[in-house]
file upload26.cif (mmCIF, C-alpha atoms)
data_data
#
loop_
_atom_site.label_atom_id
_atom_site.label_comp_id
_atom_site.auth_asym_id
_atom_site.auth_seq_id
_atom_site.Cartn_x
_atom_site.Cartn_y
_atom_site.Cartn_z
CA MET A 1 95.23 94.37 107.71
CA ILE A 2 94.42 95.81 104.28
CA VAL A 3 91.43 94.21 102.54
CA VAL A 4 91.36 94.34 98.74
CA ALA A 5 87.92 93.52 97.32
CA GLY A 6 87.01 92.72 93.73
CA GLU A 7 87.83 90.52 90.79
CA SER A 8 90.61 88.20 89.83
CA LEU A 9 90.92 87.07 86.23
CA VAL A 10 93.34 85.74 83.64
CA ASP A 11 94.67 88.17 81.07
CA LEU A 12 95.26 86.67 77.65
CA LEU A 13 97.92 89.09 76.38
CA VAL A 14 97.94 89.32 72.58
CA ARG A 15 101.08 90.97 71.26
CA ARG A 16 101.89 92.51 67.88
CA ASP A 17 103.67 89.34 66.71
CA GLY A 18 100.51 87.28 67.35
CA GLY A 19 101.85 85.61 70.46
CA VAL A 20 99.43 84.98 73.33
CA THR A 21 100.41 84.73 76.98
CA ALA A 22 98.05 83.80 79.82
CA THR A 23 98.87 85.78 82.95
CA PRO A 24 97.06 86.28 86.28
CA GLY A 25 95.38 89.65 86.60
CA GLY A 26 92.44 91.80 87.56
CA GLY A 27 92.86 95.18 89.23
CA PRO A 28 92.12 94.11 92.83
CA PHE A 29 94.09 90.87 92.39
CA ASN A 30 97.09 92.90 91.23
CA VAL A 31 96.74 95.36 94.11
CA ALA A 32 96.64 92.52 96.66
CA ARG A 33 99.72 90.85 95.20
CA ALA A 34 101.62 94.15 95.07
CA LEU A 35 100.80 94.87 98.72
CA GLY A 36 101.99 91.39 99.66
CA ARG A 37 105.25 91.94 97.80
CA LEU A 38 105.64 95.24 99.64
CA GLY A 39 105.45 93.39 102.95
CA GLN A 40 102.01 94.58 104.03
CA PRO A 41 99.41 92.35 105.72
CA VAL A 42 96.71 91.97 103.07
CA THR A 43 93.58 89.90 102.49
CA PHE A 44 91.98 89.35 99.09
CA LEU A 45 88.17 89.42 99.11
CA GLY A 46 86.79 87.73 96.02
CA ARG A 47 85.68 84.39 94.61
CA LEU A 48 88.26 82.03 93.08
CA SER A 49 87.43 79.23 90.67
CA THR A 50 88.49 75.62 91.14
CA ASP A 51 89.41 75.44 87.43
CA PRO A 52 93.07 75.47 86.29
CA PHE A 53 93.10 79.26 85.89
CA GLY A 54 91.59 79.64 89.35
CA ARG A 55 94.31 77.45 90.81
CA LEU A 56 96.88 79.63 89.06
CA LEU A 57 95.34 82.75 90.62
CA ARG A 58 95.24 81.21 94.08
CA ALA A 59 98.85 80.08 93.83
CA GLY A 60 99.95 83.59 92.84
CA LEU A 61 98.22 85.16 95.82
CA VAL A 62 99.64 82.59 98.22
CA ALA A 63 103.15 83.01 96.81
CA ASP A 64 103.01 86.75 97.56
CA GLY A 65 101.77 86.26 101.11
CA VAL A 66 98.15 87.30 100.57
CA ASP A 67 95.65 86.00 103.15
CA LEU A 68 92.71 84.14 101.56
CA ARG A 69 90.27 83.92 104.46
CA LEU A 70 87.77 85.98 102.42
CA ALA A 71 88.28 84.18 99.10
CA PRO A 72 85.64 81.43 98.76
CA THR A 73 86.02 78.84 96.02
CA THR A 74 83.47 78.04 93.31
CA ASP A 75 83.18 75.75 90.32
CA ASP A 76 82.21 78.73 88.14
CA PRO A 77 84.89 79.41 85.49
CA THR A 78 87.56 82.05 85.87
CA LEU A 79 86.82 85.46 84.34
CA LEU A 80 88.92 86.01 81.18
CA ALA A 81 90.19 89.28 79.69
CA VAL A 82 91.74 89.49 76.23
CA ALA A 83 94.33 92.29 76.29
CA ASP A 84 95.59 93.66 72.98
CA ILE A 85 99.03 95.23 73.49
CA ASP A 86 99.97 97.95 70.98
CA ASP A 87 103.46 98.99 69.89
CA ASP A 88 103.69 101.45 72.78
CA GLY A 89 102.88 98.77 75.35
CA ILE A 90 99.36 100.11 75.95
CA ALA A 91 96.69 97.47 76.61
CA THR A 92 93.05 97.52 75.54
CA TYR A 93 90.67 94.88 76.88
CA GLN A 94 87.70 92.70 76.00
CA PHE A 95 86.09 90.73 78.84
CA HIS A 96 84.36 87.36 79.02
CA THR A 97 82.36 87.69 82.22
CA VAL A 98 79.05 85.78 82.01
CA GLY A 99 78.78 83.15 84.73
CA SER A 100 82.34 83.68 85.88
CA ALA A 101 83.65 83.09 89.38
CA ALA A 102 84.52 86.68 90.25
CA VAL A 103 81.21 88.16 89.16
CA GLY A 104 79.10 85.98 91.45
CA LEU A 105 80.29 87.50 94.73
CA THR A 106 77.33 88.11 97.09
CA SER A 107 76.91 89.17 100.70
CA SER A 108 76.50 85.51 101.66
CA ASP A 109 80.18 85.04 100.78
CA ILE A 110 81.16 87.55 103.48
CA PRO A 111 78.47 87.15 106.17
CA SER A 112 80.60 88.82 108.86
CA GLY A 113 81.68 91.78 106.73
CA LEU A 114 85.16 93.18 107.12
CA PRO A 115 87.48 91.51 109.66
CA SER A 116 87.91 93.39 112.92
CA ASP A 117 91.59 94.02 112.20
CA THR A 118 90.90 95.88 108.94
CA THR A 119 92.74 99.21 108.71
CA ALA A 120 92.15 99.94 105.01
CA LEU A 121 89.84 98.75 102.23
CA HIS A 122 90.71 98.98 98.53
CA VAL A 123 88.06 98.55 95.81
CA GLY A 124 87.80 99.15 92.09
CA THR A 125 87.98 98.03 88.44
CA LEU A 126 85.36 95.42 87.49
CA GLY A 127 84.51 94.98 91.16
CA LEU A 128 82.45 98.17 90.80
CA VAL A 129 80.94 97.19 87.43
CA LEU A 130 79.73 93.59 87.27
CA GLU A 131 76.70 92.35 89.19
CA PRO A 132 76.13 91.02 91.78
CA MET A 133 79.76 91.67 92.76
CA ALA A 134 79.45 95.44 92.30
CA SER A 135 76.45 95.85 94.63
CA THR A 136 78.08 93.55 97.19
CA ILE A 137 81.23 95.66 97.27
CA ALA A 138 79.29 98.93 97.31
CA GLU A 139 77.44 97.69 100.39
CA LEU A 140 80.75 96.68 101.98
CA VAL A 141 82.13 100.19 101.43
CA ALA A 142 79.00 101.83 102.87
CA ALA A 143 79.24 99.67 105.99
CA ALA A 144 82.98 100.18 106.55
CA PRO A 145 83.76 101.27 110.13
CA ARG A 146 84.64 104.93 110.61
CA ASP A 147 88.29 104.15 111.37
CA VAL A 148 88.84 102.23 108.12
CA LEU A 149 90.46 104.18 105.28
CA VAL A 150 88.77 103.41 101.95
CA MET A 151 90.61 103.80 98.65
CA ALA A 152 88.98 103.35 95.22
CA ASP A 153 90.51 102.98 91.78
CA PRO A 154 87.69 102.94 89.19
CA ASN A 155 90.20 101.88 86.50
CA CYS A 156 87.36 102.33 84.01
CA ARG A 157 86.90 99.57 81.43
CA PRO A 158 84.29 100.88 78.95
CA ALA A 159 84.18 97.52 77.15
CA ALA A 160 82.73 95.96 80.31
CA ILE A 161 80.34 98.78 81.26
CA GLY A 162 76.96 97.97 79.77
CA ASP A 163 75.08 100.82 81.48
CA PRO A 164 77.28 103.90 81.88
CA VAL A 165 74.58 105.86 83.71
CA ALA A 166 74.09 103.15 86.34
CA TYR A 167 77.86 102.80 86.69
CA ARG A 168 78.37 106.52 87.28
CA ASP A 169 75.52 106.50 89.82
CA ARG A 170 77.15 103.59 91.65
CA LEU A 171 80.48 105.38 91.73
CA ALA A 172 78.86 108.48 93.18
CA SER A 173 77.30 106.35 95.91
CA VAL A 174 80.59 104.62 96.67
CA PHE A 175 82.57 107.87 96.66
CA ALA A 176 80.40 109.14 99.51
CA ARG A 177 82.44 106.86 101.80
CA VAL A 178 85.74 106.79 99.92
CA ASP A 179 88.72 108.73 101.28
CA VAL A 180 91.26 108.43 98.45
CA VAL A 181 90.50 108.01 94.74
CA LYS A 182 93.17 107.00 92.26
CA LEU A 183 92.30 108.08 88.70
CA SER A 184 94.17 108.09 85.41
CA THR A 185 93.54 110.99 83.06
CA ASP A 186 91.81 108.49 80.74
CA ASP A 187 89.48 107.46 83.58
CA LEU A 188 88.69 111.10 84.31
CA LEU A 189 87.94 111.94 80.67
CA TRP A 190 85.54 109.01 80.45
CA LEU A 191 83.78 109.97 83.68
CA ASP A 192 83.77 113.72 83.00
CA PRO A 193 84.92 114.99 79.57
CA ASP A 194 85.50 118.53 80.82
CA PRO A 195 88.96 119.60 79.47
CA ASP A 196 89.56 121.32 82.82
CA ALA A 197 90.90 118.24 84.64
CA VAL A 198 91.26 119.93 88.01
CA GLY A 199 87.72 121.29 87.80
CA ALA A 200 86.43 117.80 87.00
CA VAL A 201 88.34 116.35 89.95
CA ARG A 202 87.01 119.03 92.28
CA ARG A 203 83.45 118.07 91.30
CA LEU A 204 84.32 114.49 92.20
CA LEU A 205 85.71 115.62 95.55
CA GLU A 206 82.33 117.19 96.32
CA GLN A 207 80.92 113.65 96.41
CA GLY A 208 82.99 112.79 99.50
CA PRO A 209 86.68 111.88 98.99
CA ALA A 210 89.42 113.88 100.66
CA ILE A 211 92.12 113.28 98.03
CA VAL A 212 92.32 112.36 94.35
CA LEU A 213 95.59 111.02 92.95
CA LEU A 214 95.48 111.82 89.22
CA THR A 215 98.04 109.91 87.16
CA SER A 216 98.98 110.80 83.59
CA GLY A 217 101.25 108.10 82.17
CA GLY A 218 104.72 109.57 82.10
CA GLY A 219 103.46 113.02 83.07
CA PRO A 220 103.38 114.33 86.64
CA THR A 221 100.95 112.80 89.10
CA ARG A 222 98.69 115.45 90.60
CA ILE A 223 97.48 115.31 94.18
CA VAL A 224 94.20 117.20 94.27
CA SER A 225 92.41 118.20 97.45
CA ARG A 226 89.58 120.67 97.85
CA ARG A 227 92.05 123.55 98.16
CA ASN A 228 95.39 122.41 96.77
CA VAL A 229 97.00 120.82 93.72
CA ILE A 230 100.48 119.32 94.04
CA ALA A 231 102.35 117.96 91.01
CA VAL A 232 104.79 115.11 91.65
CA ALA A 233 107.30 114.28 88.93
CA VAL A 234 107.40 110.84 87.31
CA PRO A 235 110.82 109.54 86.17
CA ALA A 236 111.45 108.66 82.54
CA VAL A 237 111.48 104.87 82.14
CA THR A 238 111.48 102.35 79.31
CA VAL A 239 107.95 100.98 79.02
CA VAL A 240 107.52 97.27 78.26
CA ASP A 241 103.76 97.47 78.85
CA THR A 242 101.37 99.25 81.20
CA VAL A 243 99.54 96.16 82.47
CA GLY A 244 99.06 96.44 86.24
CA ALA A 245 100.99 99.70 86.59
CA GLY A 246 98.07 101.68 88.02
CA ASP A 247 97.32 98.83 90.42
CA ALA A 248 100.93 98.83 91.58
CA PHE A 249 100.74 102.60 92.09
CA GLY A 250 97.67 102.26 94.31
CA ALA A 251 99.29 99.47 96.30
CA GLY A 252 102.41 101.57 96.75
CA PHE A 253 100.42 104.47 98.15
CA LEU A 254 98.53 102.26 100.60
CA ALA A 255 101.71 100.44 101.62
CA ALA A 256 103.51 103.66 102.49
CA TRP A 257 100.47 105.15 104.19
CA THR A 258 99.53 102.22 106.40
CA ARG A 259 103.11 101.22 107.22
CA ALA A 260 103.55 104.71 108.67
CA GLY A 261 100.51 104.14 110.89
CA ARG A 262 98.49 106.81 109.11
CA GLY A 263 94.74 106.69 108.59
CA ARG A 264 91.76 108.75 107.45
CA ALA A 265 92.43 111.61 109.84
CA ASP A 266 95.93 112.16 108.43
CA LEU A 267 94.90 112.90 104.83
CA GLY A 268 94.99 116.62 105.55
CA ASP A 269 98.80 116.33 105.85
CA LEU A 270 99.69 116.94 102.21
CA GLY A 271 103.39 116.49 102.92
CA ALA A 272 102.69 112.93 104.05
CA VAL A 273 100.40 112.37 101.05
CA THR A 274 103.18 113.61 98.76
CA ASP A 275 105.74 111.23 100.30
CA ALA A 276 103.38 108.28 99.89
CA THR A 277 102.69 109.35 96.30
CA ARG A 278 106.40 109.42 95.50
CA PHE A 279 106.70 105.86 96.71
CA ALA A 280 103.63 104.90 94.67
CA ILE A 281 105.26 106.37 91.57
CA GLU A 282 108.40 104.35 92.23
CA VAL A 283 106.41 101.12 92.47
CA GLY A 284 104.38 101.90 89.35
CA SER A 285 107.47 102.92 87.38
CA ARG A 286 109.20 99.63 88.17
CA THR A 287 106.11 97.73 87.02
CA VAL A 288 105.91 99.27 83.52
CA GLY A 289 109.44 98.06 82.88
CA ARG A 290 108.27 94.45 83.01
CA ALA A 291 105.88 92.37 80.96
CA GLY A 292 102.44 91.87 82.51
CA ALA A 293 101.38 92.73 86.06
CA ASP A 294 104.64 92.01 87.86
CA PRO A 295 105.13 94.57 90.65
CA PRO A 296 108.45 94.83 92.49
CA THR A 297 109.20 93.46 95.93
CA LEU A 298 110.40 95.62 98.77
CA THR A 299 113.84 94.05 98.43
CA GLU A 300 114.03 94.96 94.74
CA LEU A 301 113.20 98.57 95.55
CA GLY A 302 116.29 98.74 97.73
CA GLU A 303 117.05 102.14 99.21
CA SER A 304 113.93 103.67 97.66
CA GLY A 305 111.77 101.22 99.59
CA LEU A 306 109.82 101.70 102.79
CA GLY A 307 111.88 102.81 105.73
CA GLU A 308 111.00 102.33 109.36
CA SER A 309 108.58 105.25 109.08
CA GLY A 310 106.81 103.59 106.18
CA LEU A 311 107.82 106.35 103.76
CA ARG A 312 110.57 106.69 101.22
CA GLU A 313 114.02 107.22 102.67
CA SER A 314 115.11 109.46 99.78
CA GLY A 315 114.41 113.17 99.64
CA PRO A 316 111.88 115.06 97.57
CA ALA A 317 111.89 114.56 93.81
#
call {"tool": "encode", "arguments": {"input": "upload26.cif", "output": "structure tokens"}}
result
Amino acid sequence: MIVVAGESLVDLLVRRDGGVTATPGGGPFNVARALGRLGQPVTFLGRLSTDPFGRLLRAGLVADGVDLRLAPTTDDPTLLAVADIDDDGIATYQFHTVGSAAVGLTSSDIPSGLPSDTTALHVGTLGLVLEPMASTIAELVAAAPRDVLVMADPNCRPAAIGDPVAYRDRLASVFARVDVVKLSTDDLLWLDPDPDAVGAVRRLLEQGPAIVLLTSGGGPTRIVSRRNVIAVAVPAVTVVDTVGAGDAFGAGFLAAWTRAGRGRADLGDLGAVTDATRFAIEVGSRTVGRAGADPPTLTELGESGLGESGLRESGPA
């Protein structure tokens, strides 16, 4: 079972023509749904409101086969994000978080910690920013059993980060137990403005992770370990918008990795990491071709989907 911990929210997508669309979202919510669509056993850990938006979020998770045993309900309102989509499909966000359902997650909501069948834990986005949720999830990561692979996607949202110093300190603490970090080049520049991206990533690796997956929009994704850098090509695609694409990428990596029966000890196999990254790129590339966070299903991926081994059936890019 993969546990995805963090926020769910509703994105109000504001397009250039002035149209507004309400769509379910939130980094961890998107990751959980994508994993469900990829046929992986997944549990969402986060509070869901009883309001109409909360019911919409719950229905979306259920429809994609996500287990909700760790998703308590609350009368607090659903967290809202206003996403302004530019002419290139790039989204910028403003968040309405005070008193919202997602933010109020505390240890009392998960008194037994991670389920005993947990194989991987995914955390990130506002789940590592907003209190008390952020401290609750940081504690969950620190207490994760040694055989649980932990993946983090900071997915930095500066508009929601009131105290950048405290946020960076929290990330450093969390990274001490994280195995895989997914970062965009924008995330990396915000965390460490050094123009030497690989040098900045290597400093991050010193905090604990074994692997960083560094995405760069349509540019190659770089797999960075303490000793190696591997560039994996990204296909040219028509971009509708980038909402949820990074989340879909992270879900794709975890889906390939766990389906193959791989865990923390296998991250030294860079060939296996590369295969899982190729599949992640495929999932993310399909997502940018659609409006909103709408990742593909395993059936839609067809021959490029997960084979019996859990990895892509096609050869190297």
call {"tool": "resolve_selection", "arguments": {"input": "upload26.cif", "expression": "the PyMOL selection byres ((chain A and resi 208) around 9)", "output": "PyMOL selection string"}}
result
chain A and resi 172+174-179+204-207+209-210
call {"tool": "write_last_selection", "arguments": {"input": "upload26.cif", "atoms": "C-alpha atoms", "output": "PDB file, in the coordinates of the input"}}
result
ATOM      1  CA  ALA A 172      78.860 108.480  93.180  1.00  0.00           C
ATOM      2  CA  VAL A 174      80.590 104.620  96.670  1.00  0.00           C
ATOM      3  CA  PHE A 175      82.570 107.870  96.660  1.00  0.00           C
ATOM      4  CA  ALA A 176      80.400 109.140  99.510  1.00  0.00           C
ATOM      5  CA  ARG A 177      82.440 106.860 101.800  1.00  0.00           C
ATOM      6  CA  VAL A 178      85.740 106.790  99.920  1.00  0.00           C
ATOM      7  CA  ASP A 179      88.720 108.730 101.280  1.00  0.00           C
ATOM      8  CA  LEU A 204      84.320 114.490  92.200  1.00  0.00           C
ATOM      9  CA  LEU A 205      85.710 115.620  95.550  1.00  0.00           C
ATOM     10  CA  GLU A 206      82.330 117.190  96.320  1.00  0.00           C
ATOM     11  CA  GLN A 207      80.920 113.650  96.410  1.00  0.00           C
ATOM     12  CA  PRO A 209      86.680 111.880  98.990  1.00  0.00           C
ATOM     13  CA  ALA A 210      89.420 113.880 100.660  1.00  0.00           C
TER      14      ALA A 210
END
call {"tool": "resolve_selection", "arguments": {"input": "upload26.cif", "expression": "the PyMOL selection byres ((chain A and resi 168) around 12)", "output": "MDAnalysis selection string"}}
result
chainID A and resid 128:129 154 156 158 161:167 169:175 187:188 190:192 204 207
call {"tool": "closest_residue", "arguments": {"input": "upload26.cif", "among": "A:Pro145, A:Pro295, A:Gly284, A:Gly250", "to": "Val234 of chain A", "atoms": "only C-alpha atoms"}}
result
A:Gly284
call {"tool": "resolve_selection", "arguments": {"input": "upload26.cif", "expression": "the PyMOL selection byres ((chain A and resi 47) around 9)", "output": "PyMOL selection string"}}
result
chain A and resi 6-8+45-46+48-49+70-74+101-105+109
call {"tool": "write_last_selection", "arguments": {"input": "upload26.cif", "atoms": "C-alpha atoms", "output": "short mmCIF file (atom, residue, chain, number, x, y, z; two decimals), in the frame of the given file"}}
result
data_model
loop_
_atom_site.label_atom_id
_atom_site.label_comp_id
_atom_site.auth_asym_id
_atom_site.auth_seq_id
_atom_site.Cartn_x
_atom_site.Cartn_y
_atom_site.Cartn_z
CA GLY A 6 87.01 92.72 93.73
CA GLU A 7 87.83 90.52 90.79
CA SER A 8 90.61 88.20 89.83
CA LEU A 45 88.17 89.42 99.11
CA GLY A 46 86.79 87.73 96.02
CA LEU A 48 88.26 82.03 93.08
CA SER A 49 87.43 79.23 90.67
CA LEU A 70 87.77 85.98 102.42
CA ALA A 71 88.28 84.18 99.10
CA PRO A 72 85.64 81.43 98.76
CA THR A 73 86.02 78.84 96.02
CA THR A 74 83.47 78.04 93.31
CA ALA A 101 83.65 83.09 89.38
CA ALA A 102 84.52 86.68 90.25
CA VAL A 103 81.21 88.16 89.16
CA GLY A 104 79.10 85.98 91.45
CA LEU A 105 80.29 87.50 94.73
CA ASP A 109 80.18 85.04 100.78
#
call {"tool": "atom_distance", "arguments": {"input": "upload26.cif", "atom1": "atom CA of Val123 of chain A", "atom2": "atom CA of Val31 of chain A"}}
result
9.4 Å
call {"tool": "closest_atom_pairs", "arguments": {"input": "upload26.cif", "of": "segment 186-272 of chain A", "to": "segment 84-90 of chain A", "cutoff": "7 Å", "atoms": "all atoms listed in the file", "output": "tab-separated table"}}
result
residue	atom	partner	partner_atom	distance
A:Val239	CA	A:Gly89	CA	6.6
A:Val240	CA	A:Gly89	CA	5.7
A:Asp241	CA	A:Gly89	CA	3.8
A:Thr242	CA	A:Ile90	CA	5.7
call {"tool": "atom_distance", "arguments": {"input": "upload26.cif", "atom1": "atom CA of Leu267 of chain A", "atom2": "atom CA of Asp247 of chain A"}}
result
20.3 Å
call {"tool": "closest_residue", "arguments": {"input": "upload26.cif", "among": "A:Thr23, A:Thr92, A:Thr274, A:Thr238", "to": "Val288 of chain A", "atoms": "all atoms listed in the file"}}
result
A:Thr238
call {"tool": "residues_around", "arguments": {"input": "upload26.cif", "residues": "segment 118-120 of chain A", "least_positions_apart": "4", "cutoff": "10 Å", "atoms": "all atoms listed in the file", "output": "ChimeraX atom specification"}}
result
/A:1-4,41-43,114,144-145,147-151,254,257-258,261-264
call {"tool": "write_last_selection", "arguments": {"input": "upload26.cif", "atoms": "C-alpha atoms", "output": "mmCIF file, in the frame of the given file"}}
result
data_model
loop_
_atom_site.group_PDB
_atom_site.id
_atom_site.type_symbol
_atom_site.label_atom_id
_atom_site.label_comp_id
_atom_site.auth_asym_id
_atom_site.auth_seq_id
_atom_site.Cartn_x
_atom_site.Cartn_y
_atom_site.Cartn_z
ATOM 1 C CA MET A 1 95.230 94.370 107.710
ATOM 2 C CA ILE A 2 94.420 95.810 104.280
ATOM 3 C CA VAL A 3 91.430 94.210 102.540
ATOM 4 C CA VAL A 4 91.360 94.340 98.740
ATOM 5 C CA PRO A 41 99.410 92.350 105.720
ATOM 6 C CA VAL A 42 96.710 91.970 103.070
ATOM 7 C CA THR A 43 93.580 89.900 102.490
ATOM 8 C CA LEU A 114 85.160 93.180 107.120
ATOM 9 C CA ALA A 144 82.980 100.180 106.550
ATOM 10 C CA PRO A 145 83.760 101.270 110.130
ATOM 11 C CA ASP A 147 88.290 104.150 111.370
ATOM 12 C CA VAL A 148 88.840 102.230 108.120
ATOM 13 C CA LEU A 149 90.460 104.180 105.280
ATOM 14 C CA VAL A 150 88.770 103.410 101.950
ATOM 15 C CA MET A 151 90.610 103.800 98.650
ATOM 16 C CA LEU A 254 98.530 102.260 100.600
ATOM 17 C CA TRP A 257 100.470 105.150 104.190
ATOM 18 C CA THR A 258 99.530 102.220 106.400
ATOM 19 C CA GLY A 261 100.510 104.140 110.890
ATOM 20 C CA ARG A 262 98.490 106.810 109.110
ATOM 21 C CA GLY A 263 94.740 106.690 108.590
ATOM 22 C CA ARG A 264 91.760 108.750 107.450
#
call {"tool": "closest_residue", "arguments": {"input": "upload26.cif", "among": "A:Leu12, A:Ala251, A:Val66, A:Leu61", "to": "Ala152 of chain A", "atoms": "all atoms listed in the file"}}
result
A:Ala251
call {"tool": "decode", "arguments": {"input": "upload26.cif", "residues": "segment 186-208 of chain A", "atoms": "C-alpha atoms", "output": "PDB file, in the first residue's frame"}}
result
ATOM      1  CA  ASP A 186      11.812  26.267 -10.457  1.00  0.00           C
ATOM      2  CA  ASP A 187      11.616  24.538  -7.066  1.00  0.00           C
ATOM      3  CA  LEU A 188      15.386  24.186  -6.983  1.00  0.00           C
ATOM      4  CA  LEU A 189      16.019  27.832  -7.868  1.00  0.00           C
ATOM      5  CA  TRP A 190      13.698  28.956  -5.082  1.00  0.00           C
ATOM      6  CA  LEU A 191      15.339  26.651  -2.543  1.00  0.00           C
ATOM      7  CA  ASP A 192      18.905  27.300  -3.713  1.00  0.00           C
ATOM      8  CA  PRO A 193      19.540  30.030  -6.325  1.00  0.00           C
ATOM      9  CA  ASP A 194      22.971  28.664  -7.253  1.00  0.00           C
ATOM     10  CA  PRO A 195      23.095  28.578 -11.111  1.00  0.00           C
ATOM     11  CA  ASP A 196      24.955  25.260 -10.825  1.00  0.00           C
ATOM     12  CA  ALA A 197      21.846  23.059 -10.589  1.00  0.00           C
ATOM     13  CA  VAL A 198      23.738  19.813 -10.068  1.00  0.00           C
ATOM     14  CA  GLY A 199      25.827  21.379  -7.313  1.00  0.00           C
ATOM     15  CA  ALA A 200      22.664  22.597  -5.599  1.00  0.00           C
ATOM     16  CA  VAL A 201      21.112  19.137  -5.852  1.00  0.00           C
ATOM     17  CA  ARG A 202      24.241  17.512  -4.460  1.00  0.00           C
ATOM     18  CA  ARG A 203      24.016  19.777  -1.402  1.00  0.00           C
ATOM     19  CA  LEU A 204      20.439  18.602  -0.966  1.00  0.00           C
ATOM     20  CA  LEU A 205      21.551  14.978  -1.232  1.00  0.00           C
ATOM     21  CA  GLU A 206      23.907  15.572   1.692  1.00  0.00           C
ATOM     22  CA  GLN A 207      20.801  16.025   3.851  1.00  0.00           C
ATOM     23  CA  GLY A 208      19.812  12.370   3.370  1.00  0.00           C
TER      24      GLY A 208
END
